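Data first, discussion second: the structure below is written as structure tokens.
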Amino acid sequence: MQRLRTTVARLRPITATQTAKSQSQARPTAVGGALRTFEPMRSYTASVSAEPFLNGTSSNYVKEMYYAWLENPRSVHKSWDIFFRNANAGGSPGAANQSPPPLGGAALGLANAQAMVGTQPNVEKLVEDHLAVQSLVRAYQVRGHHIAKLDPLDISVIDFDESPVMLGLKKVGEKCAPASPHWFYGLDETDLDKVFRLPTTTFIGGSESALPLREIISRLEMAYCQSIGVEFMFINDLEQCQWIRHKFERPGVMQFTLEEKRTLLTRMVRSTRFEEFLQRKWSSEKRFGLEGCESLIPALKTIIDKSSMNGVESIIMGMPHRGRLNVLANVIRKELDQIFCQFDSKLEAADEGSGDVKYHLGMWHRRINRVTDRNITLSLMANPSHLEAVDPVVQGKTKAEQFYCGDTEGKRVMSILLHGDAAFAGQGVVYETFHLSDLPSYTTHGTVHVVVNNQVTHPATPPTALSITAPTPLEGYLQPPTYHPETRPSIAHKISATVCYRRNGHNEMDEPMFTQPLMYKQIKMQKGVLQKYYEKLLAEGAVSRQDYEEEIAKYDKICEEAHARSEDEKILHIKHWLDSPWPGFFNVDGHPKSMTSLSTGLPEEELVHIGYMASSVPVEDFTIHRGLSRILKGRAAMVGQRVCDWALGEYMAFGSLLKEGTHIRLSGQDVERGTFSHRHHVLHDQNIDKRICIPMNHISPNQAPYTVCNSSLSEYGVLGFELGFAMASPNALVLWEAQFGDFHNTAQCIIDQFICPGQAKWVRQNGIVLLLPHGMEGMGPEHSSARPERFLQMCNEDPDTYPVSEFAVRQLYDCNWIIVNCSTPANYFHVLRRQILQPFRKPLIVFTPKSLLRHPEAKSSFDDMLPGTHFQRLIPDSGPVCEKPEGVKRIVFCTGKVYYELIRERNNRGNDDTVAIARIEQLSPFPFDQVKVETDRYPNADLVWCQEEHKNQGYYDYVKPRLRTTVDRTRPVWYVGRGPAAAPATGNKVAHLVELQRFLDTAFNLDAFTEQS
Ligand SMILES: Cc1ncc(C[n+]2csc(CCOP(=O)(O)OP(=O)(O)O)c2C)c(N)n1
């Protein structure tokens, strides 16, 4: 009120035409900003009763009128024109109000109107009525979806008491008797034929600025209360709200052309008849059919058409099981015979791997979009049963495709995610995925979400009304507006919830009447949506019965012919279901790539060049922190001495790969600096806020780009995202680093369902690298263990079989992932380079060090990184033990950091000629051949496995049977390490050190196992 009264007061010194220009330019901030320049000319002490409409929400309306009047005095009703002119002319409070000329009647001249100053007939009622109309419009926009006809079963029970809604002029839901309807803010049926000016917050008028109330209500109901509910008014961004209003409110937007109606019918025929065909042929097979939600297919196809129209060339999709085969058949257009082959379990698989059930498989297809006549690539990502797990993977792949084609605004590549309503609302990874969309290195600039709300969860029935009115509480929190197919950068997520039903049980074998008897009685009475739509079009004369029957016969014939072809098929090709083909990667000049292991070393001058880049600031006038200057000087000194530490070794690997044209993306919560403040890949100017420099992008003029990005505080979402990114291209090194290795377990689903078995299930390789800081350093139960035992347990290698030949490369090719724990920077350097130089892609799990990052011994000479050098799967002892190997009493095998504890202890004890220490750097695939060389070298030594982890954790259970296999079970393998425990580490530093010393004592006590042997 005060603000408006001030506004009105400030009108006096300016004329409408004078002001219109300046105010219209400044309009967005006018209230708070531009008007501040005018001196108040009028007393604020005017009584409220003098201008009673200038209070509360009315002030917004008056402001709106005022701005409209400033722009064009004719654009507002005469009464407002007079009011503002009078106010501007200095009329005293109350005197500015004038009786309006009758709406639609002959307009009064200004002279006449001004002559009315002093008279005050019904202006207050008029203003109130206009305000009521504005509120009515808003009520429909906010709550119209509550009374939209969304539920085809008509069984949802919305509690109007909880959220009153409008129905015409009646407020529904207040505790009033039906006989005494609650009229809306004083408007009643007598106002229905009065004409009201429309506020600028609605587009229902089309080209008209005023409409009779009856028409206003009718158009609002058409926009908001039919079979589409739009929920968007919680969005804070006015521009986005206006965009959505414009899309939904314009007169005629819900009308389709004849051609569009026929296309919809055709698509509905395909969607429906596809499921019917499968049901006829394989009635007892699980397929998670779409019956009850067949309209999903035309909806998706329309989204794709519109996207193609707007320039989108590639769409990456993720979806759960329900309706998946239908989407593959009718949206992606997978050959039907290949789908039908999946129903024949007797077909022999042509490809390696164990395969997956048919409703998890993915697909990639480039085709012409018939509506736009443009090429479009569609990929549906393969996914596990774990609902929503594929969401971040889709986003990562989308981001990668955008990145590689230079699509910085998401105009060429986009994603569509389909969800079940229960999974969408309940699974936390949905939130984690949404949360990535605001971060520059993770945004895909907009995703269309399609929620299939069949009103049941397997097998529970959720509160239906809740899930219909809001697919998820995420909506309000994350502000995604309602679905619309056109991409728009400022809108990150658009959610479309299709409310439908599920005609069968959770799957085709399920009996839904056990748990949802009433709903299923209702469903059995339902006519199918295809039938309903056909009858509607028939009644309109849009199609004939003959057209319809021909359409059905045509599609049925397509299915039958494909089925006949599928019966001739002898072999099942899992490769036909690849969602991310890598053309050209597996072959050179038409032949499969050679399976040799290349040297991963580098010429000295290149090491020196990269080393100096890692030690310098490659831009002018850039002030770095003094502490960082010291670090960079230390790096330069190392280069001078021809050695590198862990961070420099990583720099050498990254820098050289970038120079060779491999894009590198390193992502995780603290990767730019490095959790242990050792990496510093992003330099920050200490004098200019947010000015940064990434020296890795200055290595060489034609290098590939380096992306290093601190992620949101998520593991599940971010690891899934990076996995998806790595899927898009084999020519990129994509690394995800956990802040501490422990935290990978909140992303366990991505590891268990995608990374570990991905190639076996979907014949899809992936070269993602996981960097997991690991080590027992007295930091407590967390921040210690990256749980190597879990990764090792999931290796596909047989511990009891000694592999026959071609160890190095063949083993790598056959394994499901590579697991290393490098003890030297040089070996880390080599394994990163090998990841790209090897002729295939495998996930790489690296247990990375913490204290070793600064350990004076944990440095490598450039000699270990020169041409001809390569990754060492096992590092043998090269000390005095080599001189008299037969005198060696014990060989201690170990991996990772404990090696440094062992050599320190051995030096202290001086028994470096009796105990050999060998480091197994590559745990999986296990270097049987090289271990054998060591066990053969020391024939009189007993075999010990030493680890710093607890006995039931770490590597022991994995290594022991393999060591036994290596020596053909002729020698026992003794354990040295911490005893079994529930927690990964003690919380007490002293206890930690006591435990350490205890097992080191055992490691060098040559009598420790004599009694047991
Ligand atoms: C993460 C996860 N938890 C549980 C399940 C078991 N499950 C399979 S389908 C289903 C119901 C999903 O309901 P909704 O998301 O509404 O999809 P609908 O099956 O109704 O289409 C459940 C709980 C699963 N697949 N994934």
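Chain labels follow the order of the structure tokens: the first chain is A, the next B, and so on; residue numbering restarts at 1 in every chain, and ligands are counted from 1 in their shown order.
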
Within 7 Å of region 610-617 of chain A using only C-alpha atoms, minus same-chain residues under 5 positions, as a list of chain:residue names: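 Answer for this query is A:Leu632, A:Lys633, A:Arg635, A:Ala636, A:Val639, A:Leu648, A:Tyr651, A:Met652, A:Gly655, A:Pro695, A:Ile699.
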
Go ahead and dump the residues you just picked, N, CA, C and O atoms, as a PDB file, in the first residue's frame.
```pdb
ATOM      1  N   LEU A 632      55.236 -24.976  -6.910  1.00  0.00           N
ATOM      2  CA  LEU A 632      55.665 -24.973  -8.313  1.00  0.00           C
ATOM      3  C   LEU A 632      57.193 -24.958  -8.415  1.00  0.00           C
ATOM      4  O   LEU A 632      57.784 -25.611  -9.271  1.00  0.00           O
ATOM      5  N   LYS A 633      57.812 -24.218  -7.502  1.00  0.00           N
ATOM      6  CA  LYS A 633      59.296 -24.215  -7.501  1.00  0.00           C
ATOM      7  C   LYS A 633      59.811 -25.629  -7.217  1.00  0.00           C
ATOM      8  O   LYS A 633      60.777 -26.083  -7.831  1.00  0.00           O
ATOM      9  N   ARG A 635      58.378 -28.351  -7.963  1.00  0.00           N
ATOM     10  CA  ARG A 635      58.204 -29.157  -9.182  1.00  0.00           C
ATOM     11  C   ARG A 635      59.344 -28.879 -10.156  1.00  0.00           C
ATOM     12  O   ARG A 635      59.919 -29.802 -10.751  1.00  0.00           O
ATOM     13  N   ALA A 636      59.660 -27.588 -10.309  1.00  0.00           N
ATOM     14  CA  ALA A 636      60.732 -27.240 -11.250  1.00  0.00           C
ATOM     15  C   ALA A 636      62.036 -27.897 -10.798  1.00  0.00           C
ATOM     16  O   ALA A 636      62.812 -28.406 -11.622  1.00  0.00           O
ATOM     17  N   VAL A 639      62.076 -31.458 -11.793  1.00  0.00           N
ATOM     18  CA  VAL A 639      62.363 -31.621 -13.226  1.00  0.00           C
ATOM     19  C   VAL A 639      63.871 -31.504 -13.446  1.00  0.00           C
ATOM     20  O   VAL A 639      64.476 -32.289 -14.192  1.00  0.00           O
ATOM     21  N   LEU A 648      53.324 -34.905 -10.201  1.00  0.00           N
ATOM     22  CA  LEU A 648      54.036 -34.614 -11.442  1.00  0.00           C
ATOM     23  C   LEU A 648      53.907 -35.791 -12.420  1.00  0.00           C
ATOM     24  O   LEU A 648      53.776 -35.595 -13.634  1.00  0.00           O
ATOM     25  N   TYR A 651      50.735 -35.365 -14.034  1.00  0.00           N
ATOM     26  CA  TYR A 651      50.846 -34.259 -14.994  1.00  0.00           C
ATOM     27  C   TYR A 651      51.457 -34.742 -16.305  1.00  0.00           C
ATOM     28  O   TYR A 651      50.996 -34.407 -17.399  1.00  0.00           O
ATOM     29  N   MET A 652      52.514 -35.550 -16.168  1.00  0.00           N
ATOM     30  CA  MET A 652      53.214 -36.063 -17.364  1.00  0.00           C
ATOM     31  C   MET A 652      52.252 -36.919 -18.205  1.00  0.00           C
ATOM     32  O   MET A 652      52.241 -36.831 -19.430  1.00  0.00           O
ATOM     33  N   GLY A 655      49.409 -34.504 -19.574  1.00  0.00           N
ATOM     34  CA  GLY A 655      49.944 -33.553 -20.554  1.00  0.00           C
ATOM     35  C   GLY A 655      50.276 -34.241 -21.859  1.00  0.00           C
ATOM     36  O   GLY A 655      49.965 -33.734 -22.949  1.00  0.00           O
ATOM     37  N   PRO A 695      47.011 -24.470 -16.428  1.00  0.00           N
ATOM     38  CA  PRO A 695      48.229 -24.642 -17.241  1.00  0.00           C
ATOM     39  C   PRO A 695      48.167 -25.855 -18.158  1.00  0.00           C
ATOM     40  O   PRO A 695      48.765 -25.854 -19.231  1.00  0.00           O
ATOM     41  N   ILE A 699      49.760 -26.749 -22.847  1.00  0.00           N
ATOM     42  CA  ILE A 699      50.886 -27.653 -23.094  1.00  0.00           C
ATOM     43  C   ILE A 699      51.405 -27.523 -24.526  1.00  0.00           C
ATOM     44  O   ILE A 699      52.594 -27.438 -24.757  1.00  0.00           O
TER      45      ILE A 699
END
```

Would you mind listing, for every residue of region 566-641 of chain A within 9 Å of region 724-747 of chain A, the two atoms forming the shortest contact and the distance between them in Å to one decimal, using only C-alpha atoms, sorted by chain and ascending residue number, as JSON lines?
```
{"residue": "A:Ser580", "atom": "CA", "partner": "A:Ala728", "partner_atom": "CA", "distance": 6.3}
{"residue": "A:Pro581", "atom": "CA", "partner": "A:Ala728", "partner_atom": "CA", "distance": 8.3}
{"residue": "A:Trp582", "atom": "CA", "partner": "A:Ser729", "partner_atom": "CA", "distance": 6.6}
{"residue": "A:Phe585", "atom": "CA", "partner": "A:Pro730", "partner_atom": "CA", "distance": 7.3}
```

With N, CA, C and O atoms retained, could you export that selection as a tab-separated table (two decimals), in the first residue's frame?
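To be explicit, this is the file written out as part_15.tsv:
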```
chain	number	residue	atom	x	y	z
A	580	SER	N	25.96	-47.27	-27.72
A	580	SER	CA	27.01	-46.30	-28.01
A	580	SER	C	28.07	-46.93	-28.90
A	580	SER	O	29.12	-47.35	-28.42
A	581	PRO	N	27.82	-47.05	-30.18
A	581	PRO	CA	28.84	-47.65	-31.04
A	581	PRO	C	30.04	-46.71	-31.16
A	581	PRO	O	29.88	-45.50	-31.07
A	582	TRP	N	31.20	-47.29	-31.30
A	582	TRP	CA	32.42	-46.48	-31.47
A	582	TRP	C	32.98	-46.79	-32.85
A	582	TRP	O	33.96	-47.55	-32.97
A	585	PHE	N	36.88	-47.52	-33.99
A	585	PHE	CA	37.81	-47.71	-32.86
A	585	PHE	C	38.44	-49.09	-32.85
A	585	PHE	O	39.61	-49.25	-32.51
```

Please provide as a PyMOL selection string all residues within 9 Å of region 521-532 of chain A, with the sequence filter that same-chain residues fewer than 2 positions apart are discarded (counting only C-alpha atoms). chain A and resi 152-155+265+268-269+271-272+291-295+501-503+513+516-519+534-537

Contact check, chain A to ligand 1, at most 9 Å, counting only C-alpha atoms and all ligand atoms, closest pairs as a tab-separated table:
```
residue	atom	partner	partner_atom_place_in_ligand_line	distance
A:Phe288	CA	ligand 1	19 (O)	8.2
A:Leu290	CA	ligand 1	21 (O)	8.7
A:Pro320	CA	ligand 1	21 (O)	7.7
A:His321	CA	ligand 1	21 (O)	7.6
A:Arg322	CA	ligand 1	21 (O)	5.4
A:Gly323	CA	ligand 1	21 (O)	8.4
A:Pro384	CA	ligand 1	25 (N)	8.2
A:Ser385	CA	ligand 1	25 (N)	4.6
A:His386	CA	ligand 1	26 (N)	3.8
A:Leu387	CA	ligand 1	26 (N)	4.2
A:Glu388	CA	ligand 1	1 (C)	7.0
A:Ala389	CA	ligand 1	1 (C)	7.5
A:His419	CA	ligand 1	15 (O)	6.3
A:Gly420	CA	ligand 1	15 (O)	3.2
A:Asp421	CA	ligand 1	16 (O)	4.3
A:Ala422	CA	ligand 1	16 (O)	3.8
A:Ala423	CA	ligand 1	15 (O)	3.7
A:Phe424	CA	ligand 1	15 (O)	6.2
A:Ala425	CA	ligand 1	15 (O)	8.0
A:Gly426	CA	ligand 1	15 (O)	8.4
A:Gln427	CA	ligand 1	1 (C)	6.9
A:Val451	CA	ligand 1	15 (O)	8.6
A:Val452	CA	ligand 1	21 (O)	6.5
A:Asn453	CA	ligand 1	16 (O)	6.2
A:Asn454	CA	ligand 1	20 (O)	5.7
A:Gln455	CA	ligand 1	16 (O)	7.0
A:Val456	CA	ligand 1	20 (O)	5.2
A:Thr457	CA	ligand 1	13 (O)	4.0
A:His458	CA	ligand 1	11 (C)	4.1
A:Pro459	CA	ligand 1	11 (C)	7.1
A:Ala460	CA	ligand 1	11 (C)	8.3
A:Pro462	CA	ligand 1	16 (O)	8.8
A:Tyr501	CA	ligand 1	20 (O)	8.7
A:Arg502	CA	ligand 1	20 (O)	7.6
A:His506	CA	ligand 1	19 (O)	6.0
A:Asn507	CA	ligand 1	19 (O)	8.4
A:Cys749	CA	ligand 1	1 (C)	8.9
```

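With distances restricted to only C-alpha atoms, A:Cys815 is the closest residue to Arg841 (chain A) from A:Glu857, A:Thr498, A:Cys815, A:Ile416.
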